Structures are given as C-alpha cells and as structure tokens.
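Trainee: Sharing coords37.cif below, mmCIF, C-alpha atoms and all ligand atoms:
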data_data
loop_
_atom_site.label_atom_id
_atom_site.label_comp_id
_atom_site.auth_asym_id
_atom_site.auth_seq_id
_atom_site.Cartn_x
_atom_site.Cartn_y
_atom_site.Cartn_z
CA MET A 1440 54.27 75.88 94.41
CA SER A 1441 56.90 74.44 92.14
CA THR A 1442 55.90 73.40 88.66
CA GLU A 1443 57.39 70.59 86.60
CA ARG A 1444 59.57 73.12 84.84
CA ASP A 1445 61.04 74.38 88.13
CA ALA A 1446 61.81 70.93 89.53
CA PRO A 1447 65.45 69.93 89.12
CA PHE A 1448 66.21 67.19 86.62
CA LEU A 1449 67.25 64.88 89.44
CA GLN A 1450 65.82 65.24 92.89
CA VAL A 1451 66.99 63.25 95.90
CA GLN A 1452 64.66 63.57 98.87
CA GLY A 1453 65.13 62.27 102.40
CA LEU A 1454 67.37 59.44 101.26
CA GLY A 1455 68.59 57.06 103.95
CA LYS A 1456 70.28 53.67 104.05
CA THR A 1457 70.64 51.23 106.92
CA TYR A 1458 72.28 47.94 106.00
CA PRO A 1459 70.74 44.81 107.54
CA GLY A 1460 72.32 43.95 110.87
CA SER A 1461 73.39 47.52 111.58
CA SER A 1462 71.68 49.62 114.23
CA GLU A 1463 72.61 52.98 112.70
CA PRO A 1464 72.03 54.32 109.21
CA VAL A 1465 75.08 54.85 107.02
CA PHE A 1466 73.36 58.10 105.98
CA ASN A 1467 69.92 59.63 106.34
CA GLU A 1468 68.08 62.79 105.33
CA VAL A 1469 70.21 63.19 102.21
CA ASN A 1470 68.66 65.93 100.09
CA PHE A 1471 70.00 67.48 96.89
CA GLY A 1472 69.06 68.27 93.32
CA ILE A 1473 70.89 68.22 89.99
CA ALA A 1474 69.94 70.45 87.07
CA ARG A 1475 69.90 69.14 83.53
CA GLY A 1476 73.38 69.48 82.05
CA GLU A 1477 75.00 70.05 85.42
CA PHE A 1478 78.26 68.33 86.43
CA VAL A 1479 78.06 67.45 90.12
CA CYS A 1480 80.86 65.96 92.20
CA ILE A 1481 80.38 64.43 95.63
CA ILE A 1482 83.26 64.39 98.09
CA GLY A 1483 83.45 62.75 101.49
CA HIS A 1484 85.60 60.44 103.53
CA SER A 1485 85.72 56.74 102.80
CA GLY A 1486 82.74 54.87 104.21
CA CYS A 1487 80.30 57.81 104.38
CA GLY A 1488 78.08 56.20 101.77
CA LYS A 1489 78.96 57.80 98.42
CA THR A 1490 78.96 54.55 96.46
CA THR A 1491 75.71 53.50 98.13
CA ILE A 1492 74.09 56.79 97.01
CA LEU A 1493 75.41 56.32 93.47
CA ASN A 1494 74.07 52.75 93.41
CA VAL A 1495 70.66 54.01 94.54
CA LEU A 1496 70.71 56.63 91.77
CA ALA A 1497 71.65 53.87 89.32
CA GLY A 1498 68.78 51.73 90.62
CA LEU A 1499 71.23 48.99 91.60
CA GLU A 1500 70.47 49.27 95.29
CA GLU A 1501 67.36 50.15 97.28
CA ALA A 1502 67.32 52.95 99.80
CA SER A 1503 65.83 52.38 103.25
CA GLN A 1504 64.06 55.74 103.13
CA GLY A 1505 63.46 58.51 100.67
CA THR A 1506 63.00 58.86 96.95
CA VAL A 1507 64.98 59.64 93.83
CA ILE A 1508 63.08 61.39 91.04
CA MET A 1509 64.77 61.68 87.66
CA ASP A 1510 63.07 63.61 84.89
CA ASN A 1511 59.78 63.48 86.82
CA ARG A 1512 59.88 59.70 87.30
CA GLU A 1513 60.86 57.77 90.39
CA VAL A 1514 64.00 55.67 90.00
CA SER A 1515 63.25 52.02 90.68
CA GLY A 1516 65.63 49.44 89.29
CA PRO A 1517 68.44 49.80 86.76
CA SER A 1518 67.81 51.45 83.41
CA LEU A 1519 69.73 52.28 80.27
CA GLU A 1520 68.64 55.86 80.91
CA ARG A 1521 71.57 55.96 83.30
CA GLY A 1522 75.14 55.07 82.35
CA VAL A 1523 77.54 53.94 85.06
CA VAL A 1524 81.34 53.98 85.05
CA PHE A 1525 82.79 52.02 87.95
CA GLN A 1526 86.13 52.44 89.67
CA SER A 1527 87.39 49.30 88.00
CA HIS A 1528 86.61 49.30 84.31
CA ALA A 1529 84.20 46.30 84.36
CA LEU A 1530 84.78 45.38 80.70
CA MET A 1531 84.04 41.96 79.31
CA PRO A 1532 87.55 40.50 78.86
CA TRP A 1533 86.66 38.18 75.98
CA LEU A 1534 85.29 41.01 73.84
CA THR A 1535 87.23 43.67 71.91
CA VAL A 1536 86.80 47.39 72.54
CA ARG A 1537 84.37 47.56 69.62
CA GLN A 1538 82.38 44.57 70.89
CA ASN A 1539 82.26 45.84 74.47
CA VAL A 1540 80.78 49.16 73.36
CA ALA A 1541 78.53 47.50 70.74
CA PHE A 1542 77.10 45.19 73.41
CA ALA A 1543 75.81 48.19 75.35
CA VAL A 1544 74.57 49.96 72.21
CA LYS A 1545 72.64 46.87 71.06
CA SER A 1546 71.05 46.52 74.51
CA ARG A 1547 69.93 50.15 74.33
CA TRP A 1548 68.63 50.05 70.74
CA PRO A 1549 67.87 46.37 69.92
CA GLU A 1550 66.12 47.39 66.70
CA TRP A 1551 69.23 49.02 65.20
CA ARG A 1552 70.81 47.49 62.11
CA THR A 1553 74.41 46.24 62.19
CA GLU A 1554 75.74 49.18 60.17
CA GLN A 1555 74.05 51.73 62.42
CA VAL A 1556 75.52 50.08 65.55
CA LYS A 1557 78.94 50.02 63.91
CA LEU A 1558 78.95 53.73 63.05
CA HIS A 1559 77.65 54.70 66.46
CA VAL A 1560 80.31 52.62 68.23
CA GLN A 1561 83.08 54.05 66.06
CA ARG A 1562 81.97 57.59 66.84
CA TYR A 1563 82.19 57.12 70.59
CA VAL A 1564 85.41 55.10 70.51
CA ASP A 1565 86.88 57.89 68.39
CA MET A 1566 85.66 60.47 70.91
CA VAL A 1567 87.90 58.97 73.60
CA GLY A 1568 90.82 58.66 71.17
CA LEU A 1569 90.79 54.88 71.01
CA SER A 1570 90.16 54.23 67.32
CA PRO A 1571 93.63 52.71 66.82
CA ALA A 1572 92.82 50.13 69.53
CA ILE A 1573 89.21 49.41 68.57
CA ASP A 1574 89.83 45.74 67.75
CA LYS A 1575 91.98 45.01 70.80
CA LYS A 1576 90.86 43.12 73.87
CA PRO A 1577 91.04 44.61 77.38
CA SER A 1578 94.11 42.53 78.26
CA GLN A 1579 96.02 44.34 75.47
CA LEU A 1580 95.17 47.80 76.86
CA SER A 1581 96.70 49.96 79.60
CA GLY A 1582 94.65 50.94 82.67
CA GLY A 1583 93.96 54.38 81.20
CA MET A 1584 92.77 52.93 77.91
CA LYS A 1585 90.45 50.50 79.69
CA GLN A 1586 88.91 53.33 81.67
CA ARG A 1587 88.40 55.23 78.40
CA VAL A 1588 86.50 52.27 76.97
CA GLY A 1589 84.25 52.39 80.04
CA ILE A 1590 83.65 56.09 79.42
CA ALA A 1591 82.95 55.54 75.70
CA ARG A 1592 80.52 52.75 76.56
CA ALA A 1593 78.68 54.89 79.10
CA PHE A 1594 78.41 57.87 76.69
CA ALA A 1595 77.45 55.63 73.76
CA ILE A 1596 74.10 54.69 75.31
CA GLU A 1597 73.39 58.46 75.48
CA PRO A 1598 72.14 58.23 79.03
CA LYS A 1599 70.05 60.96 80.60
CA MET A 1600 72.48 60.83 83.46
CA LEU A 1601 76.05 59.61 83.76
CA LEU A 1602 77.15 58.15 87.10
CA LEU A 1603 80.88 57.92 87.77
CA ASP A 1604 82.33 56.22 90.87
CA GLU A 1605 85.92 57.43 91.27
CA PRO A 1606 86.58 56.52 87.64
CA PHE A 1607 90.20 57.69 87.69
CA GLY A 1608 91.12 56.54 91.19
CA ALA A 1609 93.32 53.69 90.00
CA LEU A 1610 95.21 55.69 87.36
CA ASP A 1611 98.57 57.41 87.58
CA ALA A 1612 98.50 61.21 87.83
CA LEU A 1613 99.55 61.87 84.23
CA THR A 1614 96.95 59.54 82.70
CA ARG A 1615 94.31 60.85 85.05
CA GLY A 1616 95.01 64.41 83.94
CA THR A 1617 94.71 63.52 80.26
CA ILE A 1618 91.40 61.70 80.75
CA GLN A 1619 90.05 64.51 82.94
CA ASP A 1620 90.75 66.92 80.07
CA GLU A 1621 88.94 64.62 77.65
CA LEU A 1622 85.95 64.26 79.95
CA LEU A 1623 85.80 68.05 80.29
CA LYS A 1624 85.73 68.46 76.50
CA ILE A 1625 83.17 65.74 75.94
CA CYS A 1626 80.88 67.11 78.65
CA SER A 1627 81.06 70.66 77.39
CA ALA A 1628 80.21 69.44 73.88
CA THR A 1629 77.37 67.11 74.91
CA HIS A 1630 76.01 68.92 78.02
CA GLN A 1631 75.79 65.53 79.69
CA THR A 1632 74.33 65.53 83.20
CA VAL A 1633 76.93 63.93 85.48
CA PHE A 1634 77.09 62.74 89.07
CA MET A 1635 80.66 61.81 89.97
CA ILE A 1636 82.29 60.55 93.16
CA THR A 1637 85.83 61.69 93.74
CA HIS A 1638 88.15 62.13 96.69
CA ASP A 1639 90.34 64.53 94.76
CA VAL A 1640 89.47 68.18 95.45
CA ASP A 1641 91.42 69.39 92.40
CA GLU A 1642 89.50 67.01 90.18
CA ALA A 1643 86.22 68.37 91.58
CA ILE A 1644 87.32 72.00 91.04
CA LEU A 1645 88.33 71.23 87.45
CA LEU A 1646 85.18 69.36 86.49
CA ALA A 1647 82.24 70.30 88.68
CA ASP A 1648 79.63 73.04 88.56
CA LYS A 1649 78.57 72.02 92.04
CA ILE A 1650 80.33 70.03 94.75
CA LEU A 1651 78.35 68.14 97.40
CA LEU A 1652 80.23 67.79 100.67
CA MET A 1653 79.33 64.75 102.76
CA SER A 1654 79.83 64.58 106.50
CA ASN A 1655 81.34 61.45 108.01
CA GLY A 1656 79.29 58.39 108.88
CA PRO A 1657 77.49 56.95 110.57
CA VAL A 1658 74.41 59.06 109.93
CA ALA A 1659 76.26 60.95 107.20
CA ARG A 1660 74.52 63.66 105.19
CA VAL A 1661 75.16 66.04 102.34
CA ALA A 1662 76.19 68.85 104.66
CA GLU A 1663 76.84 71.59 102.16
CA VAL A 1664 76.50 72.39 98.48
CA VAL A 1665 79.50 74.29 97.13
CA ARG A 1666 78.92 76.24 93.92
CA ASN A 1667 82.03 76.34 91.73
CA THR A 1668 81.98 79.81 90.20
CA LEU A 1669 85.35 79.59 88.43
CA PRO A 1670 84.79 80.19 84.70
CA ARG A 1671 83.64 77.10 82.81
CA ALA A 1672 86.41 77.08 80.19
CA ARG A 1673 88.90 75.55 82.60
CA GLN A 1674 92.46 74.50 81.91
CA ARG A 1675 94.19 72.23 84.37
CA ALA A 1676 97.51 74.00 83.84
CA SER A 1677 96.24 77.50 84.65
CA LEU A 1678 93.20 77.00 86.87
CA HIS A 1679 95.16 77.72 90.05
CA HIS A 1680 95.80 81.26 88.77
CA GLU A 1681 92.06 82.04 88.69
CA PRO A 1682 90.94 84.48 91.38
CA GLY A 1683 89.06 82.50 94.00
CA PHE A 1684 90.76 79.18 93.24
CA TYR A 1685 92.53 78.95 96.59
CA GLU A 1686 89.52 80.15 98.57
CA LEU A 1687 87.47 77.41 96.95
CA ARG A 1688 90.17 74.78 97.41
CA ASN A 1689 90.80 75.73 101.05
CA HIS A 1690 87.08 75.57 101.76
CA LEU A 1691 86.91 72.00 100.44
CA VAL A 1692 90.06 70.88 102.25
CA ASP A 1693 88.91 72.48 105.54
CA PHE A 1694 85.67 70.59 105.28
CA LEU A 1695 87.47 67.29 104.78
CA VAL A 1696 90.01 67.98 107.52
CA SER A 1697 87.70 69.14 110.29
CA ARG A 1698 84.06 69.96 109.54
CA SER A 1699 83.21 66.56 108.03
CA LYS A 1700 83.97 65.00 111.42
CA GLU A 1701 82.29 67.71 113.48
CA LEU A 1702 79.13 67.21 111.40
CA SER A 1703 79.16 63.39 111.66
CA GLY A 1704 76.53 61.40 113.53
CA GLY A 1705 73.59 63.31 112.07
CA ARG A 1706 74.82 66.76 113.14
CA ALA A 1707 74.75 68.09 109.56
CA PRO A 1708 71.62 69.93 108.42
CA ALA A 1709 69.12 67.87 106.44
CA HIS A 1710 68.76 70.68 103.94
CA PRO A 1711 72.30 71.77 103.07
CA PRO A 1712 73.08 75.45 102.54
CA GLU A 1713 74.65 76.52 99.24
CA VAL A 1714 77.92 78.43 99.50
CA ARG A 1715 80.11 80.17 96.91
CA PRO A 1716 83.61 80.36 98.41
CA ALA A 1717 85.29 81.80 95.28
CA ASP A 1718 82.92 84.75 94.87
CA ALA A 1719 84.45 87.30 97.24
CA ALA A 1720 87.92 86.88 95.75
CA ARG A 1721 86.53 87.09 92.22
CA ARG A 1722 84.69 90.30 93.03
CA ALA A 1723 87.83 91.74 94.58
CA ALA A 1724 89.83 90.83 91.47
CA GLY A 1725 87.65 93.13 89.38
CA PRO A 1726 85.12 93.07 86.58
CA THR A 1727 87.02 90.72 84.25
CA ALA A 1728 86.95 87.89 86.76
CA GLU A 1729 83.35 88.58 87.72
CA ALA A 1730 82.17 88.65 84.13
CA ALA A 1731 83.66 85.22 83.61
CA GLU A 1732 81.31 83.70 86.16
CA PRO A 1733 79.23 80.94 84.61
CA ALA A 1734 75.48 81.21 84.37
CA ASN A 1735 73.69 78.85 86.71
CA ASP A 1736 70.87 77.86 84.43
CA ALA A 1737 71.21 74.69 82.42
CA PRO A 1738 73.01 74.96 79.09
CA PRO A 1739 71.07 74.35 75.87
CA PRO A 1740 70.89 70.76 74.64
CA ALA A 1741 73.41 69.71 72.03
CA SER A 1742 73.70 66.57 70.01
CA PRO A 1743 75.90 64.01 71.76
CA ALA A 1744 79.50 63.88 70.66
CA ALA A 1745 78.96 67.01 68.58
CA SER A 1746 82.14 68.88 67.75
CA VAL A 1747 84.37 66.81 69.99
CA THR A 1748 87.90 66.69 68.75
CA PRO A 1749 89.25 63.25 69.55
CA LEU A 1750 92.53 63.19 71.38
CA HIS A 1751 94.90 60.57 70.16
CA ARG A 1752 97.17 60.71 73.14
CA VAL A 1753 96.70 57.21 74.38
CA ALA A 1754 97.71 56.56 77.96
N1 LIG B 1801 76.45 45.47 101.05
C1 LIG B 1801 76.77 46.03 102.23
N2 LIG B 1801 76.42 45.45 103.40
C2 LIG B 1801 76.71 46.02 104.58
N3 LIG B 1801 77.38 47.19 104.72
C3 LIG B 1801 77.76 47.82 103.59
C4 LIG B 1801 77.49 47.28 102.29
N4 LIG B 1801 77.98 48.13 101.36
C5 LIG B 1801 78.53 49.15 102.04
N5 LIG B 1801 78.41 48.96 103.39
C6 LIG B 1801 78.86 49.87 104.43
O1 LIG B 1801 78.25 51.12 104.21
C7 LIG B 1801 79.16 52.17 104.45
C8 LIG B 1801 79.24 53.06 103.23
O2 LIG B 1801 79.83 52.36 102.15
P1 LIG B 1801 80.08 53.02 100.73
O3 LIG B 1801 78.79 53.49 100.19
O4 LIG B 1801 80.86 52.07 99.94
O5 LIG B 1801 80.97 54.29 101.15
P2 LIG B 1801 81.98 55.21 100.29
O6 LIG B 1801 81.73 54.94 98.84
O7 LIG B 1801 81.66 56.60 100.70
O8 LIG B 1801 83.36 54.82 100.72
C9 LIG B 1801 80.48 51.53 104.83
O9 LIG B 1801 80.60 51.56 106.24
C10 LIG B 1801 80.36 50.13 104.33
O10 LIG B 1801 81.07 49.24 105.15
MG MG B 1802 82.99 54.24 97.33
#
Taking this structure as input, can you express it in the form of structure tokens?

Mentor:
Amino acid sequence: MSTERDAPFLQVQGLGKTYPGSSEPVFNEVNFGIARGEFVCIIGHSGCGKTTILNVLAGLEEASQGTVIMDNREVSGPSLERGVVFQSHALMPWLTVRQNVAFAVKSRWPEWRTEQVKLHVQRYVDMVGLSPAIDKKPSQLSGGMKQRVGIARAFAIEPKMLLLDEPFGALDALTRGTIQDELLKICSATHQTVFMITHDVDEAILLADKILLMSNGPVARVAEVVRNTLPRARQRASLHHEPGFYELRNHLVDFLVSRSKELSGGRAPAHPPEVRPADAARRAAGPTAEAAEPANDAPPPASPAASVTPLHRVA
C-alpha cells in the first residue's frame, strides 16, 4: 500500500474530458504523476487536449471524469497555489511591470505591507532581468520582455506548481533560447515543480526531467512517459554532443511522426510505460556519461529565487 510519503506530489488519475455536444471524449484515461521539484513537459499534436489538461490542473476547467490530487488535496477551482503562464502574456495593459507583478503578490498575501510587496516584486523582476523596465507598461515592451513579466509574476506568488502553456511559442528563436536558459537557471535554483506544454522537442530535452507523450485525439491519452537522463546541468549550445541526445530526440520525433497517430482513438495504454531512450547510448559511452545521470528522487527544497544571477540581456 502506498503511504502519503510515496504518493507523487501531483497525481492525475483517470482524467477524461468530453465537451458538450461532442459524442467522443477529447481524451480519457489520462494517468500520470509529477514528483515535487520535477520539470515535466507534455508533447502532442495540436488538438489532443494539452491545454484542456493544463486548465484542469489549474482548476480553470472541470474534467468529465477522473481526479487531480496535488499535495494530498483534490484540485477543485483555481488557486494561488498554482501559477499559470499562458501562451499570450495576459498582462494588464494599463499597469506597469511592477504593478502587474504587485497585483498578483497582493492577491496572494493581502496582509503584506507596501514595503514588503515592493521588495518581493523587485526581487522577481530582477530575476528575469527586467529591473531596467520595471516602470514601463506592456505596450513599451517587446514580446520577449512581456513573456518574462508573465514568468516573474507566476514565480512571485511562489506557487506549489507552475503551469506553462507553450509560453515561448510566439517568440523568435533567439529570444526563446535566452528565456529558456533563464527558466532553466531559475528552476534549478528554486526547485520549482513545473508542468509545461510545448511542441518543441528540443525545448523539452533542454528543460524536462520527464516528457509525457500524448497520442492524437479523439480519445487521446498520455501514451508514454519518457525519462530524460541527460545530465541536469544542460547547456543549449552543447547538449547535442551528450551521448544519448540523438536517441532521445529521435524517439520523441518518431512518436510525433507515426506512433501518436497509430495510438489515437483510445489505442494507447491507460497506464503509460516509462522509457529511457538515452540510457543505452550513455552506457556505451562509458562511465563518465553514466555517472552524470541525474538522480530521480526530488531535489531538496531551496528558498525561491535563491542564488539566481539575473541576466540583463533583454530581448
Ligand atoms: N471550450 C471548448 N468547447 C468545445 N471544444 C473545445 C473547447 N476547448 C477545446 N475544445 C476542443 O478540444 C480539443 C482539445 O483542445 P486543446 O485542449 O486546446 O488541445 P491542444 O492544447 O492539445 O491543442 C480540440 O479538438 C478543441 O477543438
Ligand atoms: Mg493548446
């Protein structure tokens, strides 16, 4: 029998969604878990239900079947325990960067004094390298800067879980790379638990500990859980030299190209197997590569924003 300590931080059980007026579920029997401090990406073709799942995790949408348990409590309705970053930045255009972040901080801690809110906001704006633009309004910022404000706002409420829906999808490749690097740094410093939707396999390999592969809809499922065993200290510029990188990448691309379709219509297993496509190549490469494999247990908690060096490269 599993005890509370064994249960994953987030547990999704038998989740299904059928929209009114539709005869078939978008997805059903979706089962997966997320450990505390784990960075999980979900990949699947457009329309398979990724955003719907994220909205259910956020408590913004109700599932037709199944349950979501976070930290031993069932998710029902939105909560400041979960921070969401949407594909479009969703900032309030009449407020400055500082005011946008402060609005969220004040909602989270209404009892805080003005000075405490101010310091907290400055810390998180600084973390995403936006201090020089803190008193600007969204219309004065580039797309990359706006997305950074969204990230600062989500981190600033110190959520138990961060939910990201293709947060960099609308950005150019250069800006996206810079912000990915920042997110990587912030997450390794804060051990934030993250669930992120992406359609970019390289982004998933760079960021994720675990990649959930979704079959196509209708009746989509999480068909497979891919463990990313490339060493955690990842650099975008050199990651493709890591033993196992191409095996992992090819596995993800093959799924998207053919298996996602073969497993559509409810043909994927309800309880997805976990695979480790990089392992064989890492073993073959010798003890140095193997030793670099990350431990699978959750990292120790750290204070949010601790030891993060702000990057002042503003996209
Ligand atoms: N509010 C809604 N009402 C009816 N159908 C919806 C609604 N939202 C999403 N859908 C349908 O559900 C499916 C999954 O949508 P979505 O979760 O946005 O997928 P993804 O994020 O993977 O592209 C799509 O076929 C979409 O048309
Ligand atoms: Mg979507």

Trainee: Within 6 Å of ligand LIG 1801 (chain B), which residues show up when you count only C-alpha atoms and all ligand atoms? List them as a compact mmCIF listing (two decimals) with C-alpha atoms, keeping the file's coordinate frame, please.

Mentor:
# COMPACT_ATOMS: atom_id res chain seq x y z
CA TYR A 1458 72.28 47.94 106.00
CA VAL A 1465 75.08 54.85 107.02
CA SER A 1485 85.72 56.74 102.80
CA GLY A 1486 82.74 54.87 104.21
CA CYS A 1487 80.30 57.81 104.38
CA GLY A 1488 78.08 56.20 101.77
CA LYS A 1489 78.96 57.80 98.42
CA THR A 1490 78.96 54.55 96.46
CA THR A 1491 75.71 53.50 98.13

Trainee: Can I get the residues close to ligand MG 1802 (chain B) as a list in words, where close means within 12 Å and we count only C-alpha atoms and all ligand atoms?

Mentor: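 Protein and nucleic-acid residues within 12 Å of ligand MG 1802 (chain B): Ile1481, Ile1482, Gly1483, His1484, Ser1485, Gly1486, Cys1487, Gly1488, Lys1489, Thr1490, Thr1491, Ile1492, Leu1493, Asn1494, Phe1525, Gln1526, Ser1527, Leu1603, Asp1604, Glu1605, Pro1606, Gly1608, Met1635, Ile1636, Thr1637 and His1638 of chain A.
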
Trainee: Distance atom CA of A:Tyr1685-atom CA of A:Ala1707, one decimal place?

Mentor: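 Computing it gives 24.5 Å between the two atoms.
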
Trainee: Which residues are close to A:Gln1561, i.e. within 12 Å by only C-alpha atoms, leaving aside same-chain residues fewer than 2 positions away? Reply as a PyMOL selection string.

Mentor: chain A and resi 1536-1541+1544+1554-1559+1563-1574+1588+1591-1592+1595+1744+1749

Trainee: Store the residues picked out above, limited to C-alpha atoms, as a compact mmCIF listing (two decimals), in the coordinates of the input.

Mentor:
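Everything below was put into selection.txt:
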# COMPACT_ATOMS: atom_id res chain seq x y z
CA VAL A 1536 86.80 47.39 72.54
CA ARG A 1537 84.37 47.56 69.62
CA GLN A 1538 82.38 44.57 70.89
CA ASN A 1539 82.26 45.84 74.47
CA VAL A 1540 80.78 49.16 73.36
CA ALA A 1541 78.53 47.50 70.74
CA VAL A 1544 74.57 49.96 72.21
CA GLU A 1554 75.74 49.18 60.17
CA GLN A 1555 74.05 51.73 62.42
CA VAL A 1556 75.52 50.08 65.55
CA LYS A 1557 78.94 50.02 63.91
CA LEU A 1558 78.95 53.73 63.05
CA HIS A 1559 77.65 54.70 66.46
CA TYR A 1563 82.19 57.12 70.59
CA VAL A 1564 85.41 55.10 70.51
CA ASP A 1565 86.88 57.89 68.39
CA MET A 1566 85.66 60.47 70.91
CA VAL A 1567 87.90 58.97 73.60
CA GLY A 1568 90.82 58.66 71.17
CA LEU A 1569 90.79 54.88 71.01
CA SER A 1570 90.16 54.23 67.32
CA PRO A 1571 93.63 52.71 66.82
CA ALA A 1572 92.82 50.13 69.53
CA ILE A 1573 89.21 49.41 68.57
CA ASP A 1574 89.83 45.74 67.75
CA VAL A 1588 86.50 52.27 76.97
CA ALA A 1591 82.95 55.54 75.70
CA ARG A 1592 80.52 52.75 76.56
CA ALA A 1595 77.45 55.63 73.76
CA ALA A 1744 79.50 63.88 70.66
CA PRO A 1749 89.25 63.25 69.55

Trainee: Rank nothing, just name the residue among A:Leu1496, A:Val1523, A:Met1509, A:Ile1650 nearest to A:Val1479, using all atoms listed in the file.

Mentor: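 For A:Val1479, the nearest of the candidates is A:Ile1650.
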
Trainee: Mind giving me the straight-line distance from atom CA of A:Ile1644 to atom CA of A:Glu1500 in Å, one decimal?

Mentor: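 So the answer is 28.6 Å.
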
Trainee: Using only C-alpha atoms, find the one residue out of A:Pro1464, A:Pro1657, A:Pro1549, A:Pro1716 that sits nearest to A:Gly1683.

Mentor: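 Distance minimum relative to A:Gly1683 lands on A:Pro1716.
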
Trainee: Neighbouring residues of A:Glu1597 were defined as those with any atom within 12 Å, considering all atoms listed in the file; residues of the same chain fewer than 5 positions away were excluded. Please report them as a PyMOL selection string.

Mentor: chain A and resi 1518-1523+1543-1544+1547-1548+1559-1560+1563+1590-1592+1626+1629-1633+1741-1744

Trainee: When you count all atoms listed in the file, which of these residues is closest to A:His1710: A:Phe1471, A:Trp1533, A:Trp1551, A:Phe1478?

Mentor: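 Closest residue, counting all atoms listed in the file: A:Phe1471.
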
Trainee: Using all atoms listed in the file, which of the listed residues (A:Lys1599, A:His1528, A:Arg1552, A:Arg1562) sits closest to A:Gly1582?

Mentor: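 Nearest candidate to A:Gly1582 out of A:Lys1599, A:His1528, A:Arg1552, A:Arg1562: A:His1528.
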
Trainee: In terms of the shortest atom-to-atom distance over all atoms listed in the file, which of A:Ile1618, A:Ala1446, A:Met1584, A:Val1451 is closest to A:Gln1504?

Mentor: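 Looking only at the distances to A:Gln1504, the closest residue turns out to be A:Val1451.
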
Trainee: Find the spatial neighbours of A:Pro1682, counting all atoms listed in the file, within a cut-off of 10 Å - ignore same-chain residues fewer than 3 positions away - and output them as a PDB file with C-alpha atoms, in the coordinates of the input.

Mentor:
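Once everything was written out, this is part.pdb:
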ATOM      1  CA  LEU A1669      85.350  79.590  88.430  1.00  0.00           C
ATOM      2  CA  LEU A1678      93.200  77.000  86.870  1.00  0.00           C
ATOM      3  CA  HIS A1679      95.160  77.720  90.050  1.00  0.00           C
ATOM      4  CA  TYR A1685      92.530  78.950  96.590  1.00  0.00           C
ATOM      5  CA  GLU A1686      89.520  80.150  98.570  1.00  0.00           C
ATOM      6  CA  LEU A1687      87.470  77.410  96.950  1.00  0.00           C
ATOM      7  CA  ALA A1717      85.290  81.800  95.280  1.00  0.00           C
ATOM      8  CA  ASP A1718      82.920  84.750  94.870  1.00  0.00           C
ATOM      9  CA  ALA A1719      84.450  87.300  97.240  1.00  0.00           C
ATOM     10  CA  ALA A1720      87.920  86.880  95.750  1.00  0.00           C
ATOM     11  CA  ARG A1721      86.530  87.090  92.220  1.00  0.00           C
ATOM     12  CA  ARG A1722      84.690  90.300  93.030  1.00  0.00           C
ATOM     13  CA  ALA A1723      87.830  91.740  94.580  1.00  0.00           C
ATOM     14  CA  ALA A1724      89.830  90.830  91.470  1.00  0.00           C
ATOM     15  CA  GLY A1725      87.650  93.130  89.380  1.00  0.00           C
ATOM     16  CA  ALA A1728      86.950  87.890  86.760  1.00  0.00           C
ATOM     17  CA  GLU A1729      83.350  88.580  87.720  1.00  0.00           C
TER      18      GLU A1729
END

Trainee: Closest to A:Ala1502 among A:Thr1535, A:Asn1655, A:Gln1452, A:Ser1578, using all atoms listed in the file?

Mentor: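 Of A:Thr1535, A:Asn1655, A:Gln1452, A:Ser1578, the one nearest A:Ala1502, counting all atoms listed in the file, is A:Gln1452.
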
Trainee: Please measure the separation of atom CA of A:Leu1454 and atom CA of A:Ser1699, giving the value in Å to one decimal.

Mentor: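 These two atoms are separated by 18.6 Å.
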